[in-house]
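Engineer: Contents of start_37.txt (compact mmCIF, C-alpha atoms) are below:
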# COMPACT_ATOMS: atom_id res chain seq x y z
CA MET A 6 112.49 177.50 128.91
CA THR A 7 111.47 174.02 127.82
CA SER A 8 113.49 170.84 127.37
CA LYS A 9 111.29 169.35 124.61
CA LEU A 10 112.52 169.57 121.02
CA LYS A 11 109.98 170.39 118.31
CA PRO A 12 109.49 167.95 115.36
CA GLY A 13 109.58 169.47 111.88
CA LEU A 14 112.01 167.50 109.68
CA GLY A 15 111.00 165.27 106.75
CA THR A 16 112.82 162.51 104.85
CA ILE A 17 114.69 164.87 102.54
CA HIS A 18 115.90 166.96 105.49
CA LEU A 19 117.15 163.83 107.27
CA TRP A 20 118.91 162.60 104.11
CA GLY A 21 120.57 166.01 103.88
CA ILE A 22 121.70 165.77 107.50
CA ALA A 23 122.92 162.15 107.17
CA VAL A 24 124.92 162.78 103.99
CA GLY A 25 125.92 166.31 104.94
CA LEU A 26 127.38 165.17 108.26
CA VAL A 27 129.77 162.91 106.36
CA ILE A 28 130.42 164.48 103.00
CA SER A 29 133.47 166.50 104.02
CA GLY A 30 135.12 163.09 104.43
CA GLU A 31 135.04 162.81 100.64
CA TYR A 32 136.86 166.14 100.31
CA PHE A 33 139.76 165.70 102.73
CA GLY A 34 141.18 163.54 105.50
CA TRP A 35 140.92 160.18 103.71
CA SER A 36 144.09 160.80 101.66
CA TYR A 37 146.20 160.46 104.82
CA GLY A 38 145.36 156.75 104.46
CA TRP A 39 147.41 156.68 101.26
CA GLY A 40 150.42 157.79 103.27
CA VAL A 41 150.38 154.61 105.38
CA ALA A 42 148.74 152.03 103.10
CA GLY A 43 149.28 153.24 99.53
CA THR A 44 146.43 153.41 97.05
CA MET A 45 145.90 149.68 96.66
CA GLY A 46 146.17 148.94 100.38
CA PHE A 47 143.80 151.77 101.19
CA LEU A 48 141.33 150.47 98.62
CA VAL A 49 141.20 147.20 100.59
CA THR A 50 140.74 149.10 103.86
CA THR A 51 137.96 151.22 102.37
CA ALA A 52 136.11 148.16 101.05
CA LEU A 53 136.13 146.57 104.52
CA ILE A 54 134.99 149.79 106.19
CA ALA A 55 132.25 150.30 103.59
CA LEU A 56 130.99 146.81 104.43
CA MET A 57 131.08 147.61 108.14
CA TYR A 58 129.12 150.84 107.70
CA THR A 59 126.53 149.30 105.40
CA CYS A 60 125.85 146.51 107.91
CA PHE A 61 125.94 149.02 110.77
CA ILE A 62 123.42 151.45 109.22
CA PHE A 63 120.94 148.70 108.35
CA SER A 64 121.16 147.57 111.99
CA PHE A 65 121.36 151.03 113.60
CA THR A 66 118.16 152.08 111.81
CA GLU A 67 116.21 149.56 113.91
CA LEU A 68 117.39 151.32 117.08
CA THR A 69 116.75 154.82 115.73
CA THR A 70 113.16 154.08 114.71
CA ALA A 71 112.36 152.11 117.88
CA LEU A 72 113.84 154.82 120.16
CA PRO A 73 113.66 158.21 118.37
CA HIS A 74 115.60 160.13 121.02
CA ALA A 75 117.94 163.14 120.73
CA GLY A 76 120.61 161.16 122.57
CA GLY A 77 120.85 158.58 119.79
CA PRO A 78 123.40 155.91 120.86
CA PHE A 79 123.33 157.22 124.44
CA ALA A 80 119.60 156.47 124.63
CA TYR A 81 119.93 152.96 123.15
CA SER A 82 122.74 151.97 125.51
CA ARG A 83 121.01 153.58 128.50
CA ARG A 84 117.90 151.53 127.79
CA ALA A 85 119.88 148.33 127.16
CA PHE A 86 122.62 148.49 129.81
CA GLY A 87 121.50 151.03 132.40
CA GLU A 88 123.18 154.22 133.54
CA THR A 89 126.80 153.06 133.05
CA GLY A 90 126.06 151.79 129.54
CA GLY A 91 124.51 155.14 128.72
CA LEU A 92 127.61 156.91 130.00
CA ILE A 93 130.00 154.86 127.84
CA ALA A 94 128.01 155.40 124.63
CA GLY A 95 127.23 159.04 125.45
CA MET A 96 130.83 159.98 126.21
CA ALA A 97 132.15 158.17 123.14
CA THR A 98 129.61 159.91 120.90
CA LEU A 99 130.40 163.27 122.44
CA ILE A 100 134.15 162.79 121.83
CA GLU A 101 133.45 161.84 118.21
CA PHE A 102 131.25 164.86 117.55
CA VAL A 103 133.34 167.41 119.45
CA PHE A 104 136.71 166.45 117.91
CA ALA A 105 135.54 166.12 114.30
CA PRO A 106 134.49 169.80 113.78
CA PRO A 107 137.93 171.37 114.51
CA ALA A 108 139.48 169.08 111.87
CA ILE A 109 136.84 170.16 109.36
CA ALA A 110 137.22 173.82 110.30
CA MET A 111 140.98 173.60 109.68
CA ALA A 112 140.25 172.08 106.27
CA ILE A 113 137.89 174.98 105.51
CA GLY A 114 140.78 177.32 106.36
CA ALA A 115 143.12 175.32 104.08
CA TYR A 116 140.68 175.50 101.15
CA LEU A 117 140.28 179.27 101.58
CA ASN A 118 144.04 179.63 101.85
CA VAL A 119 144.35 178.13 98.34
CA GLN A 120 142.29 181.06 97.03
CA TYR A 121 143.69 183.70 99.42
CA PRO A 122 147.27 182.78 100.37
CA GLY A 123 147.47 185.67 102.82
CA LEU A 124 144.51 184.44 104.87
CA ASN A 125 145.40 182.74 108.15
CA PRO A 126 143.65 179.32 108.12
CA LYS A 127 143.09 179.45 111.89
CA TYR A 128 141.16 182.71 111.69
CA ALA A 129 139.07 181.32 108.84
CA ALA A 130 138.37 178.21 110.93
CA VAL A 131 137.24 180.26 113.96
CA SER A 132 135.04 182.43 111.72
CA ALA A 133 133.38 179.26 110.43
CA TYR A 134 132.58 178.25 114.02
CA LEU A 135 131.01 181.62 114.81
CA ILE A 136 128.90 181.70 111.63
CA PHE A 137 127.52 178.18 111.83
CA MET A 138 126.99 178.13 115.57
CA THR A 139 124.79 181.20 115.03
CA LEU A 140 122.88 179.52 112.20
CA ASN A 141 122.23 176.44 114.37
CA ILE A 142 120.97 178.62 117.22
CA LEU A 143 118.44 180.35 114.91
CA GLY A 144 116.30 177.23 114.47
CA VAL A 145 116.52 173.58 113.45
CA ARG A 146 114.29 173.88 110.37
CA LEU A 147 116.37 176.76 109.02
CA ALA A 148 119.56 174.84 109.87
CA ALA A 149 118.24 171.67 108.20
CA MET A 150 117.16 173.51 105.04
CA PHE A 151 120.60 175.14 104.79
CA GLU A 152 122.17 171.72 105.37
CA LEU A 153 120.12 170.20 102.56
CA VAL A 154 121.06 172.93 100.07
CA VAL A 155 124.80 172.78 100.75
CA THR A 156 124.74 168.96 100.76
CA VAL A 157 123.12 168.83 97.32
CA LEU A 158 125.67 171.34 96.01
CA ALA A 159 128.51 169.31 97.55
CA VAL A 160 127.29 166.09 95.92
CA ILE A 161 127.00 167.84 92.55
CA GLU A 162 130.52 169.21 92.95
CA LEU A 163 131.97 165.77 93.65
CA LEU A 164 130.27 164.49 90.49
CA VAL A 165 131.75 167.44 88.57
CA PHE A 166 135.20 166.65 89.99
CA MET A 167 134.92 163.06 88.82
CA GLY A 168 133.79 164.16 85.38
CA VAL A 169 136.63 166.65 84.95
CA VAL A 170 139.47 164.35 86.09
CA ALA A 171 138.13 161.14 84.51
CA PRO A 172 139.66 161.83 81.05
CA GLY A 173 143.10 162.07 82.69
CA PHE A 174 142.70 158.92 84.79
CA SER A 175 145.54 156.42 84.49
CA LEU A 176 145.37 153.03 86.16
CA SER A 177 149.18 152.91 86.21
CA ASN A 178 149.21 156.14 88.24
CA PHE A 179 146.78 154.65 90.74
CA THR A 180 148.61 151.35 91.17
CA ALA A 181 152.19 152.72 91.22
CA HIS A 182 153.77 152.11 94.67
CA GLY A 183 150.23 151.13 95.69
CA TRP A 184 151.04 148.62 98.42
CA ALA A 185 152.40 150.90 101.19
CA GLY A 186 155.05 152.29 98.83
CA SER A 187 155.84 148.95 97.19
CA GLU A 188 154.83 147.59 93.83
CA SER A 189 153.82 144.23 95.32
CA PHE A 190 151.75 142.99 98.22
CA GLY A 191 153.68 142.03 101.36
CA LEU A 192 153.79 142.34 105.16
CA PRO A 193 154.25 146.16 105.09
CA ALA A 194 151.06 146.35 103.03
CA VAL A 195 149.16 144.28 105.63
CA SER A 196 150.36 146.62 108.37
CA GLY A 197 149.39 149.63 106.26
CA ILE A 198 145.89 148.28 105.62
CA PHE A 199 145.20 148.19 109.36
CA ALA A 200 147.01 151.47 110.09
CA ALA A 201 144.80 153.25 107.53
CA ILE A 202 141.54 152.30 109.26
CA PRO A 203 140.83 155.74 110.82
CA PHE A 204 141.16 157.46 107.45
CA ALA A 205 138.82 154.99 105.72
CA ILE A 206 136.33 155.51 108.54
CA TRP A 207 136.57 159.26 107.85
CA PHE A 208 134.81 158.55 104.52
CA PHE A 209 131.67 157.62 106.51
CA LEU A 210 132.20 159.02 110.01
CA ALA A 211 129.16 160.67 111.65
CA ILE A 212 126.36 159.38 109.40
CA GLU A 213 124.87 158.04 112.61
CA GLY A 214 124.50 161.65 113.78
CA ALA A 215 121.17 161.91 111.97
CA ALA A 216 119.79 159.79 114.83
CA MET A 217 120.24 162.80 117.08
CA ALA A 218 117.66 164.67 115.00
CA ALA A 219 115.12 161.87 115.56
CA GLU A 220 113.13 163.84 118.15
CA GLU A 221 112.83 166.64 115.59
CA ALA A 222 111.71 164.31 112.75
CA ARG A 223 108.14 164.04 111.53
CA ASP A 224 107.03 160.39 111.61
CA PRO A 225 110.57 159.09 112.43
CA LYS A 226 109.54 155.44 112.05
CA ARG A 227 108.93 156.06 108.33
CA THR A 228 111.32 158.89 107.43
CA ILE A 229 114.50 157.69 109.15
CA PRO A 230 114.90 154.33 107.34
CA LYS A 231 114.48 156.00 103.95
CA ALA A 232 117.00 158.71 104.82
CA TYR A 233 119.60 156.34 106.26
CA ILE A 234 119.52 153.75 103.48
CA ALA A 235 119.63 156.38 100.72
CA GLY A 236 122.40 158.15 102.63
CA ILE A 237 124.79 155.20 103.00
CA LEU A 238 124.35 154.23 99.33
CA THR A 239 125.10 157.82 98.27
CA LEU A 240 128.26 157.92 100.36
CA VAL A 241 129.67 154.54 99.27
CA VAL A 242 129.38 155.52 95.59
CA LEU A 243 130.97 158.94 96.16
CA ALA A 244 133.82 157.61 98.33
CA ILE A 245 134.93 154.94 95.87
CA GLY A 246 134.59 157.27 92.86
CA VAL A 247 136.54 160.16 94.38
CA MET A 248 139.34 157.95 95.69
CA LEU A 249 139.87 156.06 92.41
CA LEU A 250 139.81 159.13 90.17
CA ALA A 251 142.00 161.30 92.43
CA GLY A 252 144.56 158.50 92.74
CA GLY A 253 144.78 158.08 88.97
CA ALA A 254 145.25 161.78 88.22
CA GLY A 255 149.03 161.79 88.77
CA ASP A 256 151.52 161.01 91.52
CA TRP A 257 149.17 160.26 94.41
CA ARG A 258 152.02 160.61 96.91
CA ARG A 259 151.75 164.40 96.50
CA LEU A 260 148.20 164.20 97.88
CA SER A 261 148.80 161.89 100.84
CA ASP A 262 149.56 164.43 103.57
CA ILE A 263 147.53 167.54 102.69
CA ASN A 264 144.10 168.92 103.62
CA ASP A 265 142.98 169.76 100.07
CA PRO A 266 143.63 166.67 97.90
CA LEU A 267 140.82 167.28 95.40
CA PRO A 268 141.94 170.74 94.19
CA GLN A 269 145.51 169.47 93.97
CA ALA A 270 144.39 166.36 92.04
CA MET A 271 142.40 168.52 89.64
CA LYS A 272 145.42 170.79 89.22
CA MET A 273 147.35 167.79 87.87
CA ILE A 274 144.77 167.45 85.07
CA VAL A 275 143.64 171.00 84.18
CA GLY A 276 146.38 173.25 85.66
CA GLU A 277 146.13 175.74 88.48
CA HIS A 278 144.67 178.57 86.38
CA SER A 279 141.71 176.62 85.01
CA ASN A 280 138.20 177.86 85.78
CA TRP A 281 137.37 174.29 86.82
CA MET A 282 140.06 174.56 89.49
CA HIS A 283 138.64 177.78 90.94
CA MET A 284 135.13 176.36 90.87
CA LEU A 285 136.24 173.28 92.81
CA VAL A 286 137.84 175.37 95.54
CA TRP A 287 134.74 177.51 95.98
CA ILE A 288 132.01 174.93 95.59
CA GLY A 289 134.17 172.35 97.36
CA LEU A 290 133.75 174.47 100.45
CA PHE A 291 130.10 173.45 100.47
CA GLY A 292 131.12 169.87 101.30
CA LEU A 293 133.17 171.01 104.27
CA VAL A 294 130.47 173.44 105.37
CA ALA A 295 127.75 170.76 105.15
CA SER A 296 129.62 168.42 107.50
CA PHE A 297 130.78 171.18 109.80
CA HIS A 298 127.30 172.65 110.13
CA GLY A 299 125.68 169.22 110.53
CA ILE A 300 128.11 168.01 113.20
CA ILE A 301 127.46 171.17 115.21
CA LEU A 302 123.81 170.10 115.19
CA GLY A 303 124.92 166.60 116.24
CA TYR A 304 127.18 167.54 119.15
CA SER A 305 124.66 170.06 120.48
CA ARG A 306 121.93 167.40 120.64
CA GLN A 307 124.29 165.00 122.41
CA PHE A 308 125.21 167.66 125.00
CA PHE A 309 121.49 168.44 125.32
CA ALA A 310 120.41 164.81 125.81
CA LEU A 311 123.16 164.02 128.34
CA SER A 312 122.36 167.19 130.28
CA ARG A 313 118.60 166.58 130.26
CA ALA A 314 119.25 163.09 131.69
CA GLY A 315 121.53 164.46 134.45
CA TYR A 316 124.85 163.23 133.03
CA LEU A 317 126.07 166.81 132.47
CA PRO A 318 125.11 170.13 134.13
CA ALA A 319 121.40 170.82 133.62
CA GLY A 320 122.08 174.28 132.18
CA LEU A 321 123.25 172.74 128.90
CA ALA A 322 119.72 171.36 128.32
CA LYS A 323 118.08 174.80 128.26
CA LEU A 324 116.49 175.82 124.97
CA SER A 325 116.48 179.28 123.42
CA ARG A 326 113.39 181.09 122.17
CA PHE A 327 114.16 179.45 118.80
CA GLN A 328 113.73 176.02 120.47
CA THR A 329 117.42 175.16 119.98
CA PRO A 330 119.96 174.10 122.66
CA HIS A 331 122.04 177.28 122.37
CA ARG A 332 124.18 176.65 125.45
CA ALA A 333 125.13 173.20 124.17
CA ILE A 334 126.03 174.68 120.77
CA ILE A 335 128.30 177.26 122.41
CA ALA A 336 129.95 174.70 124.75
CA GLY A 337 131.11 172.51 121.84
CA GLY A 338 132.28 175.59 119.95
CA VAL A 339 134.50 176.73 122.81
CA ILE A 340 136.20 173.31 122.89
CA GLY A 341 136.67 173.30 119.12
CA ILE A 342 138.14 176.79 118.94
CA ALA A 343 140.58 175.91 121.74
CA ALA A 344 141.66 172.86 119.71
CA ILE A 345 142.25 175.01 116.61
CA PHE A 346 144.58 177.37 118.47
CA SER A 347 146.51 174.45 119.94
CA ASP A 348 147.73 173.57 116.43
CA GLY A 349 151.49 174.00 116.18
CA TRP A 350 152.37 173.34 119.81
CA ILE A 351 150.65 169.97 120.29
CA ASN A 352 152.24 167.04 118.48
CA LEU A 353 150.77 163.56 118.82
CA GLN A 354 152.57 160.60 117.27
CA GLY A 355 154.13 162.91 114.68
CA MET A 356 150.69 163.62 113.15
CA THR A 357 149.33 166.94 111.99
CA LEU A 358 146.65 168.28 114.35
CA THR A 359 144.01 167.50 111.71
CA ALA A 360 145.07 163.84 111.49
CA ALA A 361 145.23 163.56 115.30
CA MET A 362 141.73 164.99 115.75
CA ILE A 363 140.40 162.66 113.06
CA THR A 364 141.95 159.73 114.92
CA MET A 365 140.48 160.84 118.27
CA ALA A 366 137.02 161.24 116.70
CA VAL A 367 137.32 157.76 115.19
CA PHE A 368 138.10 156.22 118.61
CA GLY A 369 134.86 157.72 119.90
CA ALA A 370 132.95 156.49 116.87
CA ILE A 371 134.17 152.89 117.10
CA VAL A 372 133.32 152.58 120.80
CA MET A 373 129.88 154.00 120.03
CA TYR A 374 129.39 151.51 117.16
CA LEU A 375 130.27 148.64 119.47
CA MET A 376 127.85 149.85 122.15
CA SER A 377 125.08 150.38 119.59
CA MET A 378 125.35 146.87 118.13
CA LEU A 379 125.55 145.34 121.61
CA SER A 380 122.44 147.35 122.52
CA LEU A 381 120.61 145.97 119.48
CA PHE A 382 121.32 142.39 120.56
CA ARG A 383 120.46 143.13 124.20
CA LEU A 384 117.17 144.90 123.42
CA ARG A 385 116.03 142.08 121.13
CA ARG A 386 116.10 139.90 124.27
CA SER A 387 115.20 142.33 127.06
CA ALA A 388 112.55 144.36 125.20
CA PRO A 389 110.97 141.99 122.66
CA ASP A 390 107.72 144.02 122.67
CA LEU A 391 109.44 147.30 121.74
CA ALA A 392 107.73 148.69 118.63
CA ARG A 393 110.12 148.12 115.72
CA SER A 394 108.81 149.60 112.48
CA PHE A 395 112.13 148.67 110.85
CA ARG A 396 113.95 145.48 111.75
CA ALA A 397 117.62 144.85 110.90
CA PRO A 398 117.69 142.61 107.81
CA GLY A 399 119.66 139.40 108.10
CA TYR A 400 119.61 139.50 111.91
CA PRO A 401 121.80 138.35 113.64
CA VAL A 402 124.36 138.03 110.81
CA VAL A 403 124.29 141.63 109.53
CA PRO A 404 124.67 143.34 112.94
CA GLY A 405 127.16 140.61 113.85
CA ILE A 406 129.37 141.58 110.89
CA ALA A 407 129.20 145.25 111.95
CA LEU A 408 130.10 144.30 115.53
CA LEU A 409 133.02 142.07 114.51
CA LEU A 410 134.52 144.60 112.07
CA ALA A 411 134.15 147.39 114.65
CA LEU A 412 136.03 145.25 117.18
CA VAL A 413 138.80 144.60 114.63
CA CYS A 414 138.99 148.36 113.99
CA LEU A 415 139.28 149.13 117.71
CA VAL A 416 142.14 146.64 118.21
CA ALA A 417 143.97 147.97 115.15
CA MET A 418 143.44 151.57 116.27
CA LEU A 419 144.89 150.85 119.70
CA TRP A 420 147.86 149.03 118.18
CA PHE A 421 148.79 151.79 115.75
CA ASN A 422 147.72 154.81 117.84
CA PRO A 423 148.66 154.07 121.47
CA VAL A 424 149.18 157.72 122.47
CA ILE A 425 145.86 158.97 121.13
CA GLY A 426 144.20 155.79 122.42
CA GLY A 427 145.59 156.60 125.86
CA LEU A 428 144.22 160.15 125.69
CA PHE A 429 140.84 158.80 124.64
CA ALA A 430 140.88 156.44 127.65
CA LEU A 431 141.76 159.37 129.94
CA LEU A 432 138.80 161.39 128.62
CA MET A 433 136.48 158.43 129.16
CA ALA A 434 137.89 157.95 132.69
CA ALA A 435 137.33 161.64 133.47
CA GLY A 436 133.73 161.27 132.31
CA TYR A 437 133.31 158.22 134.55
CA GLY A 438 134.75 160.15 137.50
CA TYR A 439 132.19 162.93 136.98
CA PHE A 440 129.49 160.26 136.63
CA LEU A 441 130.37 158.79 140.04
CA LEU A 442 130.20 162.20 141.68
CA THR A 443 126.81 163.22 140.26
CA LYS A 444 124.39 160.45 141.19
CA ALA A 445 122.06 162.97 142.86
CA GLN A 446 122.06 165.09 139.69
CA ARG A 447 120.83 162.14 137.63
CA ALA A 448 118.25 161.20 140.27
CA SER A 449 116.73 164.70 140.13
CA ALA A 450 116.61 164.81 136.31
CA PRO A 451 113.19 164.66 134.60
CA ARG A 452 111.91 161.10 134.17
CA ASP A 453 112.36 159.95 130.57
CA ALA A 454 110.18 156.94 129.76
CA MET A 455 112.10 156.19 126.57
CA LEU A 456 115.36 155.75 128.51
CA VAL A 457 113.99 153.52 131.27
CA GLY A 458 111.33 151.61 129.33
CA GLU A 459 108.24 152.72 131.21
So that I can check it, write out the structure of this file as structure tokens.
Structural biologist:
Amino acid sequence: MTSKLKPGLGTIHLWGIAVGLVISGEYFGWSYGWGVAGTMGFLVTTALIALMYTCFIFSFTELTTALPHAGGPFAYSRRAFGETGGLIAGMATLIEFVFAPPAIAMAIGAYLNVQYPGLNPKYAAVSAYLIFMTLNILGVRLAAMFELVVTVLAVIELLVFMGVVAPGFSLSNFTAHGWAGSESFGLPAVSGIFAAIPFAIWFFLAIEGAAMAAEEARDPKRTIPKAYIAGILTLVVLAIGVMLLAGGAGDWRRLSDINDPLPQAMKMIVGEHSNWMHMLVWIGLFGLVASFHGIILGYSRQFFALSRAGYLPAGLAKLSRFQTPHRAIIAGGVIGIAAIFSDGWINLQGMTLTAAMITMAVFGAIVMYLMSMLSLFRLRRSAPDLARSFRAPGYPVVPGIALLLALVCLVAMLWFNPVIGGLFALLMAAGYGYFLLTKAQRASAPRDAMLVGE
């Protein structure tokens, strides 16, 4: 057994991973933001979040190319702030990538339930875990090629959706009750704009996960910037297009609390028996599958990197004969399947389980974004000689905007989601407790020059 990942991914594979990780966010989850902010309020939220992610990715790419490590944000924060900094970023990233897949799996079940009403969505969700965990175990190149194919199909399907519903678009439908249920802007709309932050983040959540494939990338200093920049531009265009056209298809309030807003929006235009409708349900699954499959790759590499560095039990860093971290893949799957079966008896802040898991994943993401941007500033000072084939444009303004907007998001998230915020804090505290008890485990871990700067 070895603990060294094998490089084999090119630019197109990394673009497929970066976009595929996120693209399910265009299919579901974001419409919950309409329920709290309305269409117009959520449009404002989405514009701010799109700005944050664009600034973040242009800055994050500097870190990914300078430190192409499977730990991604964990590695950057470990190098910048030492062992405790690595723990904070690593735990936050792990929470993001472990809690996002159950939400996506439940959406896969909901989409299949549209076609087969007798199918239990939970069983469909668990089946998705078993299938795509197996595919990830069989090899990263096979997994990345599959990811690329389903991502391309998912992008095409979103373009088809836009083309089919565009003739029925009505601006009056989109703007009706658009400010948190009101026809005019006011204080409730301001509150709604901030409350909708996690659902706007869902449009872009996990694009940073491609960094965790950096060790498996060929020439990461050249391929990663191309993949990331093309990826964020792809996602911004798709997010705005899908949201505008779905909201103008009819009464958007019917779409604001469901897991399959796109089929239901198309139904308003073409009817439920249209061939377009059936095609969207089937091909739309590719978007969910692309993200689900890609995030399994992401969480497994985070488990692997933390274990290899001694932050988690060393057994999770073992590789299979296919050179994949199979134990890490299985560990995240067990947690996700347990979350799926908890649906119905866990109620957090009156949310559906899907919305609650999205919110928990977003807490992890925001903390990780903050740590990544702080690491960028710190490493510019503490490691000025670090080879940087890509430097953040507009430094320090661009990363500063990403840092400021991420901080605003965190404050708003804590204000509107105190219960889930408290649970997130408990998970982070539990991780810190384990960290304090395992100093010897970290001391005996293999020396990693990229983490310590040797």
Engineer: Any idea what the distance is between atom CA of Ala130 of chain A and atom CA of Gly114 of chain A?
Structural biologist: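 These atoms are spaced 5.2 Å apart.
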Engineer: Applying 12 Å and only C-alpha atoms, which residues near Asn141 of chain A remain after dropping the ones on its own chain fewer than 3 positions away? List them as an NGL selection string.
Structural biologist: :A and (134-138 or 144-152 or 297-306 or 325 or 327-335 or 338)
Engineer: For Val27 of chain A, find every residue with an atom within 8 Å (counting only C-alpha atoms), except residues of its own chain fewer than 5 positions away, and show them as a list in words.
Structural biologist: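 Here the answer would be Trp207, Phe208, Phe209, Leu210, Ala211, Ile212, Leu240 and Ser296 of chain A.
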Engineer: Could you check which of A:Ala366, A:Thr357, A:Leu431, A:Ala314 is closest to Thr443 of chain A, using only C-alpha atoms?
Structural biologist: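 Ranked by minimum distance to Thr443 of chain A, first place goes to A:Ala314.
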Engineer: Have a look at A:Ser449, A:Gln120, A:Thr70, A:Ser261 and name the one nearest to Ala216 of chain A; count all atoms listed in the file.
Structural biologist: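 Answer, going by the shortest atom-to-atom distance: A:Thr70.
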Engineer: Here is a test: counting only C-alpha atoms, which residue of A:Asp256, A:Glu162, A:Asp265, A:Glu213 is nearest to Met373 of chain A?
Structural biologist: A:Glu213
Engineer: As AutoDock Vina command-line options, please report the centre and edge lengths, rounded to one decimal in Å, of the axis-aligned box that holds all listed atoms of segment 301-319 of chain A with 6 Å of padding on each of the six sides.
Structural biologist:
--center_x 123.0 --center_y 167.1 --center_z 124.8 --size_x 20.9 --size_y 20.1 --size_z 31.3
Engineer: What is the distance between atom CA of Arg227 of chain A and atom CA of Met455 of chain A, in Å to one decimal?
Structural biologist: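 The value is 18.5 Å.
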Engineer: Find the residues with any atom within 12 Å of (108.7, 171.5, 105.5); use all atoms listed in the file and the coordinates as given in the file, and write the answer as a count of residues only.
Structural biologist: 17
Engineer: By how many Å are atom CA of Ala343 of chain A and atom CA of Leu26 of chain A apart?
Structural biologist: 21.7 Å
Engineer: From the options A:Ala194, A:Leu384, A:Pro389, A:Val413, which residue's atoms come nearest to Gly87 of chain A, counting all atoms listed in the file?
Structural biologist: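 So, comparing all the options, the nearest one is A:Leu384.
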Engineer: Show me, as number ranges by chain, the residues that have an atom within 10 Å of Gly458 of chain A when counting all atoms listed in the file, minus same-chain residues fewer than 5 positions from it.
Structural biologist: A: 83-85, 388, 391, 453
Engineer: Counting only C-alpha atoms, what is within 9 Å of segment 199-203 of chain A, bar same-chain residues fewer than 3 positions away, as a PyMOL selection string?
Structural biologist: chain A and resi 35+37-42+46-47+50-51+54+194-196+206-207+363-364+366-368+414+417-418+420-422
Engineer: Find the residues near Leu249 of chain A: any atom within 12 Å, counting all atoms listed in the file, skip ones fewer than 2 places away on the same chain, and give them as a ChimeraX atom specification.
Structural biologist: /A:31,36,39,44-45,47-48,51,166-167,170-171,173-180,183,242-247,251-255,257,267,270
